[in-house]
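This is start.cif. It holds mmCIF, C-alpha atoms and all ligand atoms.
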data_work
loop_
_atom_site.label_atom_id
_atom_site.label_comp_id
_atom_site.auth_asym_id
_atom_site.auth_seq_id
_atom_site.Cartn_x
_atom_site.Cartn_y
_atom_site.Cartn_z
CA MET A 901 83.42 19.71 -16.86
CA SER A 902 82.38 19.06 -20.44
CA ALA A 903 79.52 20.80 -22.18
CA GLU A 904 77.86 17.41 -22.74
CA GLY A 905 74.52 16.99 -21.08
CA LEU A 906 74.08 20.70 -20.47
CA HIS A 907 71.39 20.95 -23.12
CA SER A 908 69.15 18.55 -21.25
CA GLY A 909 68.47 20.82 -18.26
CA ARG A 910 65.37 22.90 -17.69
CA LEU A 911 67.20 26.19 -18.18
CA ARG A 912 68.33 27.12 -21.63
CA ARG A 913 69.95 30.52 -21.18
CA ILE A 914 72.70 32.00 -19.05
CA VAL A 915 72.08 35.67 -18.31
CA LEU A 916 74.93 37.73 -16.87
CA ILE A 917 74.14 40.84 -14.85
CA GLY A 918 76.28 43.06 -12.64
CA PHE A 919 77.98 46.43 -12.45
CA ARG A 920 80.34 47.92 -15.04
CA GLY A 921 83.86 46.59 -14.77
CA ALA A 922 82.78 43.36 -13.06
CA GLY A 923 83.92 41.26 -16.03
CA LYS A 924 80.60 40.21 -17.58
CA SER A 925 81.78 40.44 -21.19
CA THR A 926 84.96 38.43 -20.64
CA LEU A 927 83.01 35.76 -18.81
CA ALA A 928 80.22 35.76 -21.40
CA ALA A 929 82.74 35.20 -24.21
CA ALA A 930 84.41 32.38 -22.27
CA LEU A 931 81.04 30.68 -21.60
CA ALA A 932 79.98 31.03 -25.23
CA ARG A 933 83.25 29.45 -26.40
CA ARG A 934 82.94 26.68 -23.87
CA LEU A 935 79.32 25.77 -24.58
CA HIS A 936 79.25 26.71 -28.28
CA TRP A 937 76.16 28.76 -27.55
CA PRO A 938 75.40 32.07 -29.29
CA LEU A 939 76.22 35.22 -27.36
CA TYR A 940 73.95 38.27 -27.21
CA ALA A 941 75.45 41.42 -25.70
CA THR A 942 72.72 43.99 -25.08
CA ASP A 943 75.13 46.93 -25.46
CA ARG A 944 76.36 45.72 -28.86
CA LEU A 945 72.78 45.10 -30.04
CA ILE A 946 71.77 48.62 -28.95
CA GLU A 947 74.72 50.06 -30.87
CA GLN A 948 73.87 48.01 -33.94
CA ARG A 949 70.22 49.00 -33.87
CA SER A 950 70.88 52.71 -33.35
CA GLY A 951 74.04 52.93 -35.46
CA LEU A 952 75.74 54.88 -32.67
CA PRO A 953 78.17 54.06 -29.87
CA ILE A 954 76.58 54.13 -26.41
CA ALA A 955 78.41 57.30 -25.37
CA GLN A 956 76.88 59.13 -28.34
CA ILE A 957 73.37 57.79 -27.74
CA VAL A 958 73.58 59.11 -24.18
CA ALA A 959 75.18 62.42 -25.17
CA ARG A 960 72.59 63.11 -27.89
CA TYR A 961 69.40 61.65 -26.45
CA GLY A 962 70.05 61.06 -22.74
CA TRP A 963 69.78 58.02 -20.44
CA PRO A 964 65.98 57.58 -20.73
CA ARG A 965 66.33 56.98 -24.50
CA PHE A 966 69.18 54.55 -23.88
CA ARG A 967 67.06 52.64 -21.33
CA ALA A 968 64.15 52.51 -23.79
CA LEU A 969 66.44 51.00 -26.44
CA GLU A 970 67.74 48.57 -23.84
CA ARG A 971 64.19 47.45 -23.02
CA GLU A 972 63.47 46.92 -26.72
CA ILE A 973 66.58 44.79 -27.07
CA VAL A 974 65.85 42.76 -23.93
CA GLY A 975 62.33 42.16 -25.26
CA SER A 976 63.73 40.86 -28.55
CA LEU A 977 66.17 38.31 -27.11
CA PRO A 978 65.52 34.62 -27.72
CA GLU A 979 63.87 33.11 -24.65
CA ALA A 980 63.76 29.42 -25.38
CA ALA A 981 66.96 28.70 -27.29
CA PRO A 982 70.25 28.06 -25.52
CA CYS A 983 72.29 31.26 -25.45
CA ILE A 984 74.45 33.51 -23.31
CA VAL A 985 73.13 37.01 -22.61
CA ASP A 986 75.64 39.67 -21.57
CA CYS A 987 73.61 42.55 -20.09
CA GLY A 988 74.67 46.16 -19.62
CA GLY A 989 75.10 47.02 -15.94
CA GLY A 990 71.93 49.09 -15.79
CA VAL A 991 69.56 46.49 -17.21
CA VAL A 992 68.08 46.09 -13.71
CA GLU A 993 66.96 49.74 -13.78
CA SER A 994 63.88 48.83 -15.85
CA ALA A 995 61.39 46.72 -13.90
CA GLU A 996 59.93 45.20 -17.06
CA ASN A 997 63.33 43.67 -17.96
CA LEU A 998 63.45 41.54 -14.82
CA PRO A 999 60.86 38.82 -15.59
CA ARG A 1000 62.05 38.73 -19.19
CA LEU A 1001 65.64 38.07 -18.14
CA GLN A 1002 64.64 35.40 -15.65
CA LYS A 1003 62.63 33.38 -18.15
CA ASN A 1004 64.31 29.98 -18.76
CA ALA A 1005 67.53 31.41 -17.41
CA LEU A 1006 70.23 30.88 -14.90
CA VAL A 1007 70.85 34.50 -13.91
CA VAL A 1008 74.40 35.07 -12.75
CA TRP A 1009 75.47 38.18 -10.85
CA VAL A 1010 79.02 38.91 -11.92
CA ASP A 1011 80.51 41.01 -9.14
CA ALA A 1012 83.70 42.32 -7.55
CA PRO A 1013 84.29 44.50 -4.48
CA GLU A 1014 83.76 48.23 -5.01
CA PRO A 1015 87.47 49.19 -4.76
CA VAL A 1016 88.30 46.62 -7.43
CA LEU A 1017 85.56 47.94 -9.71
CA LEU A 1018 86.87 51.48 -9.18
CA GLU A 1019 90.41 50.47 -10.00
CA ARG A 1020 89.31 48.64 -13.16
CA LEU A 1021 87.06 51.45 -14.36
CA ALA A 1022 89.66 54.14 -13.63
CA GLY A 1023 92.23 52.14 -15.57
CA GLN A 1024 90.07 51.76 -18.68
CA PRO A 1025 89.62 54.38 -21.41
CA SER A 1026 86.45 56.32 -20.61
CA GLY A 1027 84.08 54.83 -23.20
CA ARG A 1028 81.37 54.61 -20.56
CA PRO A 1029 79.49 57.81 -19.80
CA LEU A 1030 79.01 58.47 -16.08
CA LEU A 1031 75.55 57.55 -14.85
CA SER A 1032 74.44 60.30 -12.51
CA GLU A 1033 77.39 61.89 -10.70
CA SER A 1034 80.26 63.99 -11.99
CA ASP A 1035 83.18 61.94 -10.69
CA LEU A 1036 83.83 58.24 -11.14
CA ARG A 1037 84.22 57.32 -7.46
CA THR A 1038 80.92 58.92 -6.39
CA ASP A 1039 79.15 57.67 -9.50
CA LEU A 1040 80.26 54.11 -8.79
CA GLN A 1041 79.46 54.30 -5.08
CA GLN A 1042 75.98 55.74 -5.49
CA ASN A 1043 74.84 53.56 -8.37
CA TYR A 1044 76.50 50.33 -7.28
CA ARG A 1045 75.02 50.56 -3.79
CA ARG A 1046 71.58 51.46 -5.11
CA ARG A 1047 71.63 48.54 -7.53
CA LEU A 1048 72.98 45.93 -5.11
CA PRO A 1049 69.55 44.72 -3.91
CA LEU A 1050 68.36 44.51 -7.52
CA TYR A 1051 71.31 42.37 -8.62
CA ARG A 1052 70.88 40.21 -5.54
CA ALA A 1053 67.14 39.71 -6.02
CA LEU A 1054 67.34 38.90 -9.72
CA SER A 1055 70.25 36.48 -9.63
CA HIS A 1056 70.38 32.77 -8.81
CA LEU A 1057 74.13 32.83 -8.29
CA ARG A 1058 76.92 35.34 -7.63
CA VAL A 1059 80.49 34.97 -8.84
CA ASP A 1060 83.29 37.24 -7.62
CA THR A 1061 85.79 37.96 -10.39
CA ALA A 1062 88.28 39.42 -7.92
CA LYS A 1063 88.45 36.08 -6.08
CA GLN A 1064 88.08 33.62 -8.95
CA SER A 1065 89.68 33.40 -12.38
CA VAL A 1066 87.50 33.47 -15.49
CA GLU A 1067 87.98 29.71 -15.82
CA ALA A 1068 86.94 29.09 -12.21
CA CYS A 1069 83.88 31.33 -12.61
CA CYS A 1070 82.93 29.35 -15.75
CA GLU A 1071 83.21 26.09 -13.80
CA THR A 1072 81.01 27.40 -10.99
CA ILE A 1073 78.38 28.57 -13.47
CA LEU A 1074 78.42 25.35 -15.48
CA LYS A 1075 78.05 23.29 -12.31
CA HIS A 1076 74.95 25.29 -11.36
CA LEU A 1077 73.57 24.98 -14.85
CA GLU A 1078 73.95 21.24 -14.75
CA GLN A 1079 72.16 21.03 -11.40
CA SER A 1080 69.33 23.34 -12.36
C1 LIG B 1101 75.60 50.91 -17.99
C2 LIG B 1101 76.57 49.97 -18.24
C3 LIG B 1101 77.14 49.75 -19.58
C4 LIG B 1101 76.21 50.27 -20.67
C5 LIG B 1101 75.81 51.68 -20.38
C6 LIG B 1101 75.04 51.77 -19.07
C7 LIG B 1101 75.08 51.09 -16.62
O1 LIG B 1101 77.36 48.37 -19.78
O2 LIG B 1101 75.05 49.48 -20.79
O3 LIG B 1101 76.96 52.47 -20.36
O4 LIG B 1101 74.00 51.68 -16.45
O5 LIG B 1101 75.75 50.63 -15.67
P1 LIG B 1101 78.55 47.54 -19.06
O6 LIG B 1101 78.04 47.10 -17.73
O7 LIG B 1101 78.76 46.39 -19.99
O8 LIG B 1101 79.72 48.46 -18.99
#
The structure in this file should be written as structure tokens.
Amino acid sequence: MSAEGLHSGRLRRIVLIGFRGAGKSTLAAALARRLHWPLYATDRLIEQRSGLPIAQIVARYGWPRFRALEREIVGSLPEAAPCIVDCGGGVVESAENLPRLQKNALVVWVDAPEPVLLERLAGQPSGRPLLSESDLRTDLQQNYRRRLPLYRALSHLRVDTAKQSVEACCETILKHLEQS
């Protein structure tokens, strides 16, 4: 599908949500390239604003401070202009983010089965601080399962990156965008 005509739809943003390791950033970059739309990654914006990597924000000030920064960033995102928004996995933890993210947006839940997420996260260098538990498997299990209903409720569409390639996920998303 070409990007032509996609600007005419009612929705003008694509917002990607989903757990760590699901592949949001890869997909966001592919969509931004494909549509020539600007990309806003909440984690990068938080790091830019605070001048610290996420792991250090959390180590020094704790998760509540990180979530407050995340809310500030979500509140500052463009709402009417076409763009791709790549959200950190915990963006659904703050209730006030939800209506903001849904505004003028196709919200896509980027997902993969739990064992796949575990394998991906275990295989990556540990830049991500654990959320609430002291080992990765339990941390993933507890937080992923708790967030599932939130991802489900907020999203218009789910793509499974274990089943579909990045290209195929892009196609699915662009088709929905065109129809919306
Ligand atoms: C978080 C996910 C991270 C980052 C922070 C918190 C979470 O983003 O925002 O470490 O609560 O799941 P990614 O989903 O891009 O890894």
request  = One decimal, Å: what's the distance from atom CA of Val1059 of chain A over to atom O5 of ligand LIG 1101 (chain B), could you say?
outcome  =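 We find that atom CA of Val1059 of chain A and atom O5 of ligand LIG 1101 (chain B) lie 17.7 Å from each other.
Comparing A:Leu1054, A:Tyr940, A:Thr1072, A:Val1010 by their smallest distance to Pro978 of chain A, the closest is A:Tyr940 (using only C-alpha atoms).
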inquiry  = Applying 7 Å and all atoms listed in the file, which residues near segment 1015-1031 of chain A remain after dropping the ones on its own chain fewer than 5 positions away? List them as number ranges by chain.
reply    = A: 921-922, 955, 1036-1037, 1039
key: Surrounding residues as number ranges by chain, ligand LIG 1101 (chain B), max 7 Å, only C-alpha atoms and all ligand atoms   = A: 918-921, 924-925, 943, 954, 987-991, 1028-1029, 1031
Once you have the residues from the selection above, write them out as a PDB file, keeping the file's coordinate frame, restricted to C-alpha atoms.
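Okay, this is what ended up in selection-v8.pdb:
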ATOM      1  CA  GLY A 918      76.280  43.060 -12.640  1.00  0.00           C
ATOM      2  CA  PHE A 919      77.980  46.430 -12.450  1.00  0.00           C
ATOM      3  CA  ARG A 920      80.340  47.920 -15.040  1.00  0.00           C
ATOM      4  CA  GLY A 921      83.860  46.590 -14.770  1.00  0.00           C
ATOM      5  CA  LYS A 924      80.600  40.210 -17.580  1.00  0.00           C
ATOM      6  CA  SER A 925      81.780  40.440 -21.190  1.00  0.00           C
ATOM      7  CA  ASP A 943      75.130  46.930 -25.460  1.00  0.00           C
ATOM      8  CA  ILE A 954      76.580  54.130 -26.410  1.00  0.00           C
ATOM      9  CA  CYS A 987      73.610  42.550 -20.090  1.00  0.00           C
ATOM     10  CA  GLY A 988      74.670  46.160 -19.620  1.00  0.00           C
ATOM     11  CA  GLY A 989      75.100  47.020 -15.940  1.00  0.00           C
ATOM     12  CA  GLY A 990      71.930  49.090 -15.790  1.00  0.00           C
ATOM     13  CA  VAL A 991      69.560  46.490 -17.210  1.00  0.00           C
ATOM     14  CA  ARG A1028      81.370  54.610 -20.560  1.00  0.00           C
ATOM     15  CA  PRO A1029      79.490  57.810 -19.800  1.00  0.00           C
ATOM     16  CA  LEU A1031      75.550  57.550 -14.850  1.00  0.00           C
TER      17      LEU A1031
END
query = So, counting only C-alpha atoms, which residue among A:Ala1012, A:Thr1038, A:Ile917, A:Trp963 is closest to Ser1065 of chain A?
reply = A:Ala1012
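Nearest residue to Ile946 of chain A, choosing from A:Trp1009, A:Tyr1044, A:Tyr1051, A:Phe966 and counting all atoms listed in the file: A:Phe966.
Using only C-alpha atoms for every distance, the candidate list A:Ile914, A:Leu1040, A:Leu945, A:Ile1073 yields A:Ile914 as the residue closest to Glu979 of chain A.
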task = Select, counting all atoms listed in the file, all protein, DNA and RNA residues no farther than 12 Å from (76.5, 33.6, -23.4) in file coordinates, and express the selection as an NGL selection string.
result = :A and (912-917 or 924-942 or 977-978 or 981-987 or 1005-1008 or 1070 or 1073-1074)
Shortest interatomic distance to Leu1048 of chain A - which of A:Asp1035, A:Glu1067, A:Glu1078, A:Asp1011, counting all atoms listed in the file =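 Answer, going by the shortest atom-to-atom distance: A:Asp1011.
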ask   = Quick one, how far is atom CA of Arg960 of chain A from atom CA of Ile973 of chain A?
value = 19.3 Å
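Here atom CA of Gly975 of chain A and atom CA of Asn997 of chain A stand 7.5 Å from one another.
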query = Counting only C-alpha atoms, which of A:Pro1013, A:Glu972, A:Leu1077, A:Ser1034 gets nearest to Ala1062 of chain A?
reply =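 Looking only at the distances to Ala1062 of chain A, the closest residue turns out to be A:Pro1013.
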Could you pull segment 934-954 of chain A out of the block above and save it with N, CA and C atoms, as a PDB file, in the first residue's frame?
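Printed below is result00.pdb as written:
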ATOM      1  N   ARG A 934       7.941   4.863   6.376  1.00  0.00           N
ATOM      2  CA  ARG A 934       6.969   4.561   5.343  1.00  0.00           C
ATOM      3  C   ARG A 934       6.044   5.751   5.051  1.00  0.00           C
ATOM      4  N   LEU A 935       5.603   6.406   6.116  1.00  0.00           N
ATOM      5  CA  LEU A 935       4.632   7.493   5.951  1.00  0.00           C
ATOM      6  C   LEU A 935       5.284   8.867   5.844  1.00  0.00           C
ATOM      7  N   HIS A 936       6.578   8.936   6.160  1.00  0.00           N
ATOM      8  CA  HIS A 936       7.285  10.231   6.250  1.00  0.00           C
ATOM      9  C   HIS A 936       6.629  11.119   7.301  1.00  0.00           C
ATOM     10  N   TRP A 937       6.226  10.521   8.386  1.00  0.00           N
ATOM     11  CA  TRP A 937       5.644  11.258   9.504  1.00  0.00           C
ATOM     12  C   TRP A 937       6.689  11.347  10.614  1.00  0.00           C
ATOM     13  N   PRO A 938       6.667  12.438  11.400  1.00  0.00           N
ATOM     14  CA  PRO A 938       7.617  12.533  12.508  1.00  0.00           C
ATOM     15  C   PRO A 938       7.332  11.472  13.571  1.00  0.00           C
ATOM     16  N   LEU A 939       8.387  11.083  14.247  1.00  0.00           N
ATOM     17  CA  LEU A 939       8.282  10.036  15.275  1.00  0.00           C
ATOM     18  C   LEU A 939       8.608  10.636  16.642  1.00  0.00           C
ATOM     19  N   TYR A 940       7.731  10.410  17.600  1.00  0.00           N
ATOM     20  CA  TYR A 940       7.975  10.840  18.976  1.00  0.00           C
ATOM     21  C   TYR A 940       8.039   9.602  19.854  1.00  0.00           C
ATOM     22  N   ALA A 941       9.195   9.388  20.478  1.00  0.00           N
ATOM     23  CA  ALA A 941       9.349   8.243  21.387  1.00  0.00           C
ATOM     24  C   ALA A 941       9.361   8.798  22.809  1.00  0.00           C
ATOM     25  N   THR A 942       8.366   8.418  23.606  1.00  0.00           N
ATOM     26  CA  THR A 942       8.239   9.050  24.937  1.00  0.00           C
ATOM     27  C   THR A 942       9.498   8.827  25.782  1.00  0.00           C
ATOM     28  N   ASP A 943      10.099   7.637  25.681  1.00  0.00           N
ATOM     29  CA  ASP A 943      11.301   7.369  26.489  1.00  0.00           C
ATOM     30  C   ASP A 943      12.446   8.319  26.120  1.00  0.00           C
ATOM     31  N   ARG A 944      12.626   8.530  24.805  1.00  0.00           N
ATOM     32  CA  ARG A 944      13.720   9.413  24.359  1.00  0.00           C
ATOM     33  C   ARG A 944      13.440  10.850  24.809  1.00  0.00           C
ATOM     34  N   LEU A 945      12.176  11.266  24.742  1.00  0.00           N
ATOM     35  CA  LEU A 945      11.824  12.638  25.140  1.00  0.00           C
ATOM     36  C   LEU A 945      12.037  12.838  26.644  1.00  0.00           C
ATOM     37  N   ILE A 946      11.732  11.788  27.418  1.00  0.00           N
ATOM     38  CA  ILE A 946      11.961  11.863  28.872  1.00  0.00           C
ATOM     39  C   ILE A 946      13.463  12.006  29.137  1.00  0.00           C
ATOM     40  N   GLU A 947      14.258  11.212  28.425  1.00  0.00           N
ATOM     41  CA  GLU A 947      15.715  11.272  28.615  1.00  0.00           C
ATOM     42  C   GLU A 947      16.261  12.642  28.224  1.00  0.00           C
ATOM     43  N   GLN A 948      15.734  13.174  27.114  1.00  0.00           N
ATOM     44  CA  GLN A 948      16.197  14.497  26.670  1.00  0.00           C
ATOM     45  C   GLN A 948      15.840  15.558  27.697  1.00  0.00           C
ATOM     46  N   ARG A 949      14.604  15.501  28.167  1.00  0.00           N
ATOM     47  CA  ARG A 949      14.157  16.540  29.103  1.00  0.00           C
ATOM     48  C   ARG A 949      14.913  16.471  30.422  1.00  0.00           C
ATOM     49  N   SER A 950      15.187  15.255  30.900  1.00  0.00           N
ATOM     50  CA  SER A 950      15.829  15.133  32.224  1.00  0.00           C
ATOM     51  C   SER A 950      17.352  15.088  32.121  1.00  0.00           C
ATOM     52  N   GLY A 951      17.867  14.861  30.918  1.00  0.00           N
ATOM     53  CA  GLY A 951      19.324  14.765  30.754  1.00  0.00           C
ATOM     54  C   GLY A 951      19.905  13.498  31.361  1.00  0.00           C
ATOM     55  N   LEU A 952      19.054  12.511  31.605  1.00  0.00           N
ATOM     56  CA  LEU A 952      19.527  11.253  32.215  1.00  0.00           C
ATOM     57  C   LEU A 952      18.926  10.057  31.490  1.00  0.00           C
ATOM     58  N   PRO A 953      19.675   8.946  31.408  1.00  0.00           N
ATOM     59  CA  PRO A 953      19.055   7.728  30.888  1.00  0.00           C
ATOM     60  C   PRO A 953      17.984   7.221  31.862  1.00  0.00           C
ATOM     61  N   ILE A 954      17.011   6.489  31.326  1.00  0.00           N
ATOM     62  CA  ILE A 954      15.883   6.042  32.155  1.00  0.00           C
ATOM     63  C   ILE A 954      16.346   5.294  33.400  1.00  0.00           C
TER      64      ILE A 954
END
